[in-house]
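The data block below is query-v3.json; it holds JSON, C-alpha atoms.
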[["chain", "number", "residue", "atom", "x", "y", "z"],
["A", 651, "MET", "CA", -23.13, 11.85, 31.09],
["A", 652, "GLN", "CA", -21.44, 10.97, 34.34],
["A", 653, "PHE", "CA", -23.23, 8.54, 36.65],
["A", 654, "GLY", "CA", -21.53, 8.46, 40.03],
["A", 655, "ARG", "CA", -17.83, 8.76, 40.81],
["A", 656, "THR", "CA", -14.90, 6.60, 41.73],
["A", 657, "TYR", "CA", -13.11, 7.14, 45.02],
["A", 658, "GLU", "CA", -10.34, 9.07, 43.29],
["A", 659, "GLU", "CA", -12.82, 11.51, 41.71],
["A", 660, "PHE", "CA", -14.19, 12.74, 45.05],
["A", 661, "GLU", "CA", -12.47, 15.80, 46.55],
["A", 662, "VAL", "CA", -13.09, 16.87, 50.13],
["A", 663, "GLY", "CA", -14.86, 20.24, 50.02],
["A", 664, "ALA", "CA", -16.35, 19.73, 46.55],
["A", 665, "VAL", "CA", -19.98, 20.80, 46.18],
["A", 666, "TYR", "CA", -22.25, 19.09, 43.64],
["A", 667, "LYS", "CA", -25.39, 21.05, 42.70],
["A", 668, "HIS", "CA", -28.05, 18.57, 41.64],
["A", 669, "TRP", "CA", -30.18, 19.48, 38.64],
["A", 670, "PRO", "CA", -33.03, 19.61, 37.82],
["A", 671, "GLY", "CA", -35.25, 20.31, 40.82],
["A", 672, "LYS", "CA", -38.61, 18.63, 41.39],
["A", 673, "THR", "CA", -41.93, 20.36, 41.98],
["A", 674, "VAL", "CA", -43.88, 18.32, 44.52],
["A", 675, "THR", "CA", -47.51, 17.71, 43.59],
["A", 676, "GLU", "CA", -50.39, 16.65, 45.77],
["A", 677, "TYR", "CA", -50.44, 13.38, 43.84],
["A", 678, "ASP", "CA", -46.73, 12.75, 44.60],
["A", 679, "ASN", "CA", -47.28, 13.29, 48.30],
["A", 680, "HIS", "CA", -50.45, 11.19, 48.56],
["A", 681, "LEU", "CA", -49.00, 8.32, 46.51],
["A", 682, "PHE", "CA", -45.84, 8.22, 48.65],
["A", 683, "CYS", "CA", -47.97, 8.22, 51.81],
["A", 684, "LEU", "CA", -50.12, 5.38, 50.50],
["A", 685, "LEU", "CA", -47.15, 3.32, 49.31],
["A", 686, "THR", "CA", -45.43, 3.65, 52.68],
["A", 687, "MET", "CA", -48.66, 3.31, 54.70],
["A", 688, "ASN", "CA", -48.22, 6.71, 56.33],
["A", 689, "HIS", "CA", -51.84, 7.71, 56.76],
["A", 690, "HIS", "CA", -51.32, 10.65, 59.11],
["A", 691, "PRO", "CA", -54.05, 13.17, 58.30],
["A", 692, "VAL", "CA", -51.62, 16.13, 58.21],
["A", 693, "HIS", "CA", -50.37, 14.70, 54.90],
["A", 694, "MET", "CA", -53.66, 13.57, 53.36],
["A", 695, "ASP", "CA", -56.69, 15.31, 54.88],
["A", 696, "ASP", "CA", -57.27, 18.95, 53.85],
["A", 697, "ASN", "CA", -59.93, 19.52, 56.53],
["A", 698, "TYR", "CA", -57.73, 18.19, 59.32],
["A", 699, "SER", "CA", -54.66, 20.07, 58.04],
["A", 700, "ALA", "CA", -56.62, 23.34, 58.02],
["A", 701, "THR", "CA", -56.83, 23.07, 61.84],
["A", 702, "THR", "CA", -53.04, 22.70, 62.30],
["A", 703, "ASP", "CA", -50.37, 25.38, 62.74],
["A", 704, "HIS", "CA", -49.49, 25.21, 59.03],
["A", 705, "GLY", "CA", -53.12, 25.36, 57.88],
["A", 706, "ARG", "CA", -52.61, 22.97, 54.97],
["A", 707, "ASN", "CA", -51.21, 19.55, 54.03],
["A", 708, "LEU", "CA", -47.54, 18.99, 54.70],
["A", 709, "VAL", "CA", -45.45, 16.94, 52.30],
["A", 710, "VAL", "CA", -44.21, 13.90, 54.21],
["A", 711, "GLY", "CA", -40.57, 14.42, 55.18],
["A", 712, "ASN", "CA", -39.39, 11.03, 53.98],
["A", 713, "TYR", "CA", -40.57, 11.90, 50.48],
["A", 714, "VAL", "CA", -38.41, 15.05, 50.51],
["A", 715, "TYR", "CA", -35.47, 12.96, 51.80],
["A", 716, "SER", "CA", -36.07, 10.34, 49.08],
["A", 717, "LEU", "CA", -36.17, 13.03, 46.38],
["A", 718, "LEU", "CA", -32.83, 14.40, 47.55],
["A", 719, "ILE", "CA", -31.25, 10.94, 47.65],
["A", 720, "GLY", "CA", -32.47, 10.37, 44.09],
["A", 721, "MET", "CA", -31.25, 13.76, 42.88],
["A", 722, "SER", "CA", -27.79, 13.01, 44.26],
["A", 723, "VAL", "CA", -27.32, 9.64, 42.54],
["A", 724, "PRO", "CA", -25.71, 10.92, 39.31],
["A", 725, "ASP", "CA", -23.21, 13.01, 41.30],
["A", 726, "VAL", "CA", -22.60, 10.88, 44.39],
["A", 727, "SER", "CA", -23.82, 7.29, 44.56],
["A", 728, "GLY", "CA", -24.33, 6.21, 40.95],
["A", 729, "ARG", "CA", -21.33, 3.86, 41.22],
["A", 730, "ALA", "CA", -21.86, 3.01, 44.89],
["A", 731, "ILE", "CA", -21.13, -0.48, 46.10],
["A", 732, "ALA", "CA", -23.14, 0.17, 49.27],
["A", 733, "ASN", "CA", -24.87, 2.94, 51.13],
["A", 734, "LEU", "CA", -23.37, 2.31, 54.56],
["A", 735, "GLU", "CA", -24.96, 4.75, 56.94],
["A", 736, "VAL", "CA", -27.24, 7.72, 57.33],
["A", 737, "GLU", "CA", -25.56, 9.52, 60.19],
["A", 738, "SER", "CA", -28.12, 12.28, 60.64],
["A", 739, "LEU", "CA", -31.34, 13.50, 59.08],
["A", 740, "ARG", "CA", -33.05, 16.80, 59.91],
["A", 741, "HIS", "CA", -36.23, 18.25, 58.50],
["A", 742, "VAL", "CA", -35.63, 21.96, 58.99],
["A", 743, "ALA", "CA", -38.72, 23.58, 57.46],
["A", 744, "PRO", "CA", -42.02, 22.35, 56.00],
["A", 745, "THR", "CA", -42.61, 21.50, 52.36],
["A", 746, "PHE", "CA", -46.03, 22.04, 50.78],
["A", 747, "HIS", "CA", -47.72, 20.94, 47.56],
["A", 748, "GLY", "CA", -46.37, 23.11, 44.75],
["A", 749, "ASP", "CA", -42.94, 23.69, 46.31],
["A", 750, "THR", "CA", -39.92, 22.86, 44.16],
["A", 751, "ILE", "CA", -37.03, 21.06, 45.83],
["A", 752, "TYR", "CA", -33.39, 21.57, 44.80],
["A", 753, "GLY", "CA", -30.39, 19.82, 46.29],
["A", 754, "GLU", "CA", -26.67, 20.06, 46.68],
["A", 755, "THR", "CA", -24.12, 17.75, 48.26],
["A", 756, "THR", "CA", -20.80, 18.62, 49.90],
["A", 757, "VAL", "CA", -18.01, 16.04, 50.28],
["A", 758, "LEU", "CA", -16.99, 16.12, 53.95],
["A", 759, "ASP", "CA", -14.41, 13.34, 54.12],
["A", 760, "LYS", "CA", -13.06, 10.29, 52.33],
["A", 761, "ARG", "CA", -10.89, 7.34, 53.29],
["A", 762, "ARG", "CA", -9.84, 3.99, 51.93],
["A", 763, "SER", "CA", -11.76, 0.98, 53.17],
["A", 764, "ALA", "CA", -9.93, -0.81, 55.99],
["A", 765, "SER", "CA", -11.12, -4.23, 54.80],
["A", 766, "LYS", "CA", -11.13, -3.91, 50.98],
["A", 767, "GLU", "CA", -8.24, -2.21, 49.16],
["A", 768, "ASP", "CA", -10.23, -1.61, 46.00],
["A", 769, "ARG", "CA", -12.89, 0.64, 47.54],
["A", 770, "GLY", "CA", -13.26, 3.79, 49.54],
["A", 771, "ILE", "CA", -15.75, 5.40, 51.89],
["A", 772, "VAL", "CA", -17.00, 8.89, 51.20],
["A", 773, "GLU", "CA", -18.90, 10.99, 53.74],
["A", 774, "VAL", "CA", -21.24, 13.60, 52.31],
["A", 775, "GLU", "CA", -23.84, 16.11, 53.46],
["A", 776, "THR", "CA", -26.86, 16.79, 51.27],
["A", 777, "ARG", "CA", -28.97, 19.91, 51.69],
["A", 778, "GLY", "CA", -32.40, 20.45, 50.17],
["A", 779, "TYR", "CA", -33.88, 23.86, 49.44],
["A", 780, "LYS", "CA", -37.24, 25.18, 48.29],
["A", 781, "GLN", "CA", -37.61, 27.53, 45.33],
["A", 782, "ASP", "CA", -37.20, 30.57, 47.62],
["A", 783, "GLY", "CA", -33.93, 29.26, 49.09],
["A", 784, "THR", "CA", -35.45, 28.01, 52.35],
["A", 785, "LEU", "CA", -33.48, 25.05, 53.71],
["A", 786, "VAL", "CA", -35.91, 22.15, 54.25],
["A", 787, "CYS", "CA", -33.79, 19.03, 54.78],
["A", 788, "VAL", "CA", -30.19, 18.17, 55.71],
["A", 789, "PHE", "CA", -28.65, 14.73, 56.01],
["A", 790, "ARG", "CA", -25.22, 13.15, 56.26],
["A", 791, "ARG", "CA", -24.37, 9.72, 54.95],
["A", 792, "LYS", "CA", -21.47, 7.42, 54.16],
["A", 793, "VAL", "CA", -21.21, 5.65, 50.82],
["A", 794, "MET", "CA", -18.80, 2.90, 49.77],
["A", 795, "VAL", "CA", -17.56, 3.56, 46.25],
["A", 796, "PRO", "CA", -15.18, 1.74, 43.90],
["A", 797, "THR", "CA", -11.64, 2.79, 43.18],
["A", 798, "GLU", "CA", -10.22, 2.93, 39.66],
["A", 799, "THR", "CA", -8.61, -0.46, 40.40],
["A", 800, "TYR", "CA", -12.01, -1.96, 41.21],
["A", 801, "LEU", "CA", -13.41, -0.80, 37.85],
["A", 802, "LYS", "CA", -10.35, -2.00, 35.91],
["A", 803, "GLU", "CA", -10.77, -5.48, 37.39],
["A", 804, "ARG", "CA", -14.56, -5.70, 37.02],
["A", 805, "GLY", "CA", -15.32, -3.39, 34.10],
["A", 806, "ASP", "CA", -16.94, 0.02, 33.98],
["A", 807, "GLN", "CA", -20.51, -1.33, 33.80],
["A", 808, "PRO", "CA", -20.53, -4.78, 35.42],
["A", 809, "GLY", "CA", -23.58, -6.88, 34.57],
["A", 810, "ARG", "CA", -24.40, -4.98, 31.38],
["A", 811, "PRO", "CA", -25.24, -7.48, 28.65],
["A", 812, "VAL", "CA", -23.46, -7.47, 25.29],
["A", 813, "PRO", "CA", -25.98, -6.88, 22.48],
["A", 814, "ARG", "CA", -26.38, -9.78, 20.08],
["A", 815, "SER", "CA", -25.97, -9.18, 16.37]]
Is it possible to express this structure as structure tokens?
Amino acid sequence: MQFGRTYEEFEVGAVYKHWPGKTVTEYDNHLFCLLTMNHHPVHMDDNYSATTDHGRNLVVGNYVYSLLIGMSVPDVSGRAIANLEVESLRHVAPTFHGDTIYGETTVLDKRRSASKEDRGIVEVETRGYKQDGTLVCVFRRKVMVPTETYLKERGDQPGRPVPRS
């Protein structure tokens, strides 16, 4: 199973469809809100949410963003040296408890690092959809990834211990 890519493996225009999707539960949303101290009632209070335009709890946007980042790791950033920048982040439509999120990432650009010859910078756009195809989240980011040379010098899985007999 592939886990991330080297600089050479990225192709501008390539689209990676992340699988599987994730059905968002009420528990997921409430736990994320509590862990991040986001206590806005639109995410946690059914009675309050019933009085809003959506009429029910909204899944907190940063949870949807975090899911999409996580879904993209095997295809995009599994070998990343650094996540350099989130250039833009848009929450396009609401997500509710019970919705299933799917993601895909498009490679927009890539270039060699100006300061380190053995790494490259890849710019990608990730789009998240609900089960009915509704676009819910779009973000662009830049990731520093190793080149083949970097891996040859440091090993394919640096830091992995050698099992003892």
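Of note, CA of Ile771 (chain A) and CA of Ser727 (chain A) are spaced 11.1 Å apart.
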Separation of CA of Glu767 (chain A) from CA of Leu734 (chain A), in Å and rounded to one decimal: 16.7 Å
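Straight-line separation from CA of Asn733 (chain A) to CA of Asn712 (chain A): 16.9 Å.
Compared by their closest atoms to Leu684 (chain A), and using all atoms listed in the file, the residues A:Phe746, A:Tyr713, A:Tyr800, A:Phe653 rank with A:Tyr713 nearest.
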Who sits within 12 Å of Gly770 (chain A), only C-alpha atoms, same chain under 6 positions skipped, as number ranges by chain: A: 655-660, 729-734, 759-764, 792-800
Using only C-alpha atoms, please write the residues we just selected to a file, as a compact mmCIF listing (two decimals), in the frame of the given file.
# COMPACT_ATOMS: atom_id res chain seq x y z
CA ARG A 655 -17.83 8.76 40.81
CA THR A 656 -14.90 6.60 41.73
CA TYR A 657 -13.11 7.14 45.02
CA GLU A 658 -10.34 9.07 43.29
CA GLU A 659 -12.82 11.51 41.71
CA PHE A 660 -14.19 12.74 45.05
CA ARG A 729 -21.33 3.86 41.22
CA ALA A 730 -21.86 3.01 44.89
CA ILE A 731 -21.13 -0.48 46.10
CA ALA A 732 -23.14 0.17 49.27
CA ASN A 733 -24.87 2.94 51.13
CA LEU A 734 -23.37 2.31 54.56
CA ASP A 759 -14.41 13.34 54.12
CA LYS A 760 -13.06 10.29 52.33
CA ARG A 761 -10.89 7.34 53.29
CA ARG A 762 -9.84 3.99 51.93
CA SER A 763 -11.76 0.98 53.17
CA ALA A 764 -9.93 -0.81 55.99
CA LYS A 792 -21.47 7.42 54.16
CA VAL A 793 -21.21 5.65 50.82
CA MET A 794 -18.80 2.90 49.77
CA VAL A 795 -17.56 3.56 46.25
CA PRO A 796 -15.18 1.74 43.90
CA THR A 797 -11.64 2.79 43.18
CA GLU A 798 -10.22 2.93 39.66
CA THR A 799 -8.61 -0.46 40.40
CA TYR A 800 -12.01 -1.96 41.21
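Ranking A:Ala664, A:Leu785, A:Val714, A:Leu758 by their shortest atom-to-atom distance to Cys683 (chain A), with all atoms listed in the file included, puts A:Val714 first.
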Region 667-674 of chain A environment, 7 Å, all atoms listed in the file, sequence neighbours closer than 2 positions dropped, as JSON, numbers by chain: {"A": [665, 676, 678, 721, 722, 747, 748, 749, 750, 751, 752, 753, 754, 755]}
Hey, which bits of region 673-741 of chain A sit within 10 Å of region 774-784 of chain A, and for each residue what's the closest pair of atoms and how far apart in Å (one decimal), counting all atoms listed in the file, rows by chain and increasing number, as a tab-separated table?
residue	atom	partner	partner_atom	distance
A:Thr673	CA	A:Gln781	CA	9.0
A:Val714	CA	A:Gly778	CA	8.1
A:Tyr715	CA	A:Gly778	CA	8.3
A:Leu717	CA	A:Gly778	CA	9.1
A:Leu718	CA	A:Gly778	CA	6.6
A:Ile719	CA	A:Thr776	CA	8.2
A:Met721	CA	A:Thr776	CA	9.9
A:Ser722	CA	A:Thr776	CA	8.0
A:Val726	CA	A:Val774	CA	8.5
A:Val736	CA	A:Val774	CA	9.8
A:Glu737	CA	A:Glu775	CA	9.6
A:Ser738	CA	A:Glu775	CA	9.2
A:Leu739	CA	A:Thr776	CA	9.6
A:Arg740	CA	A:Arg777	CA	9.7
A:His741	CA	A:Gly778	CA	9.4
Using C-alpha atoms, can you export the residues from the last selection as a PDB file, keeping the file's coordinate frame?
ATOM      1  CA  THR A 673     -41.930  20.360  41.980  1.00  0.00           C
ATOM      2  CA  VAL A 714     -38.410  15.050  50.510  1.00  0.00           C
ATOM      3  CA  TYR A 715     -35.470  12.960  51.800  1.00  0.00           C
ATOM      4  CA  LEU A 717     -36.170  13.030  46.380  1.00  0.00           C
ATOM      5  CA  LEU A 718     -32.830  14.400  47.550  1.00  0.00           C
ATOM      6  CA  ILE A 719     -31.250  10.940  47.650  1.00  0.00           C
ATOM      7  CA  MET A 721     -31.250  13.760  42.880  1.00  0.00           C
ATOM      8  CA  SER A 722     -27.790  13.010  44.260  1.00  0.00           C
ATOM      9  CA  VAL A 726     -22.600  10.880  44.390  1.00  0.00           C
ATOM     10  CA  VAL A 736     -27.240   7.720  57.330  1.00  0.00           C
ATOM     11  CA  GLU A 737     -25.560   9.520  60.190  1.00  0.00           C
ATOM     12  CA  SER A 738     -28.120  12.280  60.640  1.00  0.00           C
ATOM     13  CA  LEU A 739     -31.340  13.500  59.080  1.00  0.00           C
ATOM     14  CA  ARG A 740     -33.050  16.800  59.910  1.00  0.00           C
ATOM     15  CA  HIS A 741     -36.230  18.250  58.500  1.00  0.00           C
TER      16      HIS A 741
END
Pick from A:Asn688, A:Gln652, A:Asn697, A:Asn707 nearest to Pro744 (chain A), counting only C-alpha atoms: A:Asn707
May I ask you to restore N, CA and C atoms in region 696-727 of chain A and write the result as an mmCIF file, in the frame of the given file?
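File rebuild-v1.cif, as written:
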data_model
loop_
_atom_site.group_PDB
_atom_site.id
_atom_site.type_symbol
_atom_site.label_atom_id
_atom_site.label_comp_id
_atom_site.auth_asym_id
_atom_site.auth_seq_id
_atom_site.Cartn_x
_atom_site.Cartn_y
_atom_site.Cartn_z
ATOM 1 N N ASP A 696 -57.244 17.485 53.912
ATOM 2 C CA ASP A 696 -57.270 18.950 53.850
ATOM 3 C C ASP A 696 -58.020 19.562 55.033
ATOM 4 N N ASN A 697 -59.140 18.963 55.418
ATOM 5 C CA ASN A 697 -59.930 19.520 56.530
ATOM 6 C C ASN A 697 -59.159 19.446 57.836
ATOM 7 N N TYR A 698 -58.544 18.325 58.107
ATOM 8 C CA TYR A 698 -57.730 18.190 59.320
ATOM 9 C C TYR A 698 -56.562 19.184 59.276
ATOM 10 N N SER A 699 -55.848 19.219 58.156
ATOM 11 C CA SER A 699 -54.660 20.070 58.040
ATOM 12 C C SER A 699 -54.993 21.550 58.224
ATOM 13 N N ALA A 700 -56.202 21.942 57.860
ATOM 14 C CA ALA A 700 -56.620 23.340 58.020
ATOM 15 C C ALA A 700 -56.654 23.744 59.494
ATOM 16 N N THR A 701 -56.771 22.770 60.407
ATOM 17 C CA THR A 701 -56.830 23.070 61.840
ATOM 18 C C THR A 701 -55.447 23.075 62.495
ATOM 19 N N THR A 702 -54.392 22.773 61.739
ATOM 20 C CA THR A 702 -53.040 22.700 62.300
ATOM 21 C C THR A 702 -52.322 24.040 62.181
ATOM 22 N N ASP A 703 -51.153 24.141 62.781
ATOM 23 C CA ASP A 703 -50.370 25.380 62.740
ATOM 24 C C ASP A 703 -50.057 25.830 61.315
ATOM 25 N N HIS A 704 -49.846 24.862 60.412
ATOM 26 C CA HIS A 704 -49.490 25.210 59.030
ATOM 27 C C HIS A 704 -50.710 25.507 58.167
ATOM 28 N N GLY A 705 -51.885 25.037 58.577
ATOM 29 C CA GLY A 705 -53.120 25.360 57.880
ATOM 30 C C GLY A 705 -53.346 24.643 56.567
ATOM 31 N N ARG A 706 -52.458 23.723 56.223
ATOM 32 C CA ARG A 706 -52.610 22.970 54.970
ATOM 33 C C ARG A 706 -51.772 21.693 55.051
ATOM 34 N N ASN A 707 -51.955 20.818 54.054
ATOM 35 C CA ASN A 707 -51.210 19.550 54.030
ATOM 36 C C ASN A 707 -49.717 19.794 53.986
ATOM 37 N N LEU A 708 -49.003 19.004 54.755
ATOM 38 C CA LEU A 708 -47.540 18.990 54.700
ATOM 39 C C LEU A 708 -47.103 17.836 53.811
ATOM 40 N N VAL A 709 -46.054 18.048 53.049
ATOM 41 C CA VAL A 709 -45.450 16.940 52.300
ATOM 42 C C VAL A 709 -44.682 16.094 53.316
ATOM 43 N N VAL A 710 -44.869 14.795 53.256
ATOM 44 C CA VAL A 710 -44.210 13.900 54.210
ATOM 45 C C VAL A 710 -42.696 14.018 54.060
ATOM 46 N N GLY A 711 -42.006 14.169 55.187
ATOM 47 C CA GLY A 711 -40.570 14.420 55.180
ATOM 48 C C GLY A 711 -39.752 13.356 54.480
ATOM 49 N N ASN A 712 -40.161 12.100 54.620
ATOM 50 C CA ASN A 712 -39.390 11.030 53.980
ATOM 51 C C ASN A 712 -39.464 11.093 52.459
ATOM 52 N N TYR A 713 -40.513 11.707 51.925
ATOM 53 C CA TYR A 713 -40.570 11.900 50.480
ATOM 54 C C TYR A 713 -39.519 12.928 50.047
ATOM 55 N N VAL A 714 -39.415 14.024 50.811
ATOM 56 C CA VAL A 714 -38.410 15.050 50.510
ATOM 57 C C VAL A 714 -37.013 14.432 50.585
ATOM 58 N N TYR A 715 -36.754 13.661 51.640
ATOM 59 C CA TYR A 715 -35.470 12.960 51.800
ATOM 60 C C TYR A 715 -35.213 12.034 50.612
ATOM 61 N N SER A 716 -36.217 11.272 50.210
ATOM 62 C CA SER A 716 -36.070 10.340 49.080
ATOM 63 C C SER A 716 -35.784 11.085 47.775
ATOM 64 N N LEU A 717 -36.454 12.226 47.573
ATOM 65 C CA LEU A 717 -36.170 13.030 46.380
ATOM 66 C C LEU A 717 -34.706 13.453 46.349
ATOM 67 N N LEU A 718 -34.215 13.921 47.487
ATOM 68 C CA LEU A 718 -32.830 14.400 47.550
ATOM 69 C C LEU A 718 -31.833 13.277 47.337
ATOM 70 N N ILE A 719 -32.106 12.113 47.903
ATOM 71 C CA ILE A 719 -31.250 10.940 47.650
ATOM 72 C C ILE A 719 -31.218 10.676 46.145
ATOM 73 N N GLY A 720 -32.393 10.643 45.528
ATOM 74 C CA GLY A 720 -32.470 10.370 44.090
ATOM 75 C C GLY A 720 -31.757 11.418 43.256
ATOM 76 N N MET A 721 -31.929 12.685 43.610
ATOM 77 C CA MET A 721 -31.250 13.760 42.880
ATOM 78 C C MET A 721 -29.739 13.631 42.947
ATOM 79 N N SER A 722 -29.238 13.081 44.058
ATOM 80 C CA SER A 722 -27.790 13.010 44.260
ATOM 81 C C SER A 722 -27.130 11.815 43.585
ATOM 82 N N VAL A 723 -27.905 10.858 43.113
ATOM 83 C CA VAL A 723 -27.320 9.640 42.540
ATOM 84 C C VAL A 723 -26.340 9.911 41.403
ATOM 85 N N PRO A 724 -26.672 10.719 40.396
ATOM 86 C CA PRO A 724 -25.710 10.920 39.310
ATOM 87 C C PRO A 724 -24.373 11.528 39.771
ATOM 88 N N ASP A 725 -24.423 12.344 40.821
ATOM 89 C CA ASP A 725 -23.210 13.010 41.300
ATOM 90 C C ASP A 725 -22.471 12.238 42.387
ATOM 91 N N VAL A 726 -23.195 11.476 43.199
ATOM 92 C CA VAL A 726 -22.600 10.880 44.390
ATOM 93 C C VAL A 726 -22.585 9.358 44.362
ATOM 94 N N SER A 727 -23.741 8.734 44.306
ATOM 95 C CA SER A 727 -23.820 7.290 44.560
ATOM 96 C C SER A 727 -24.130 6.432 43.351
#
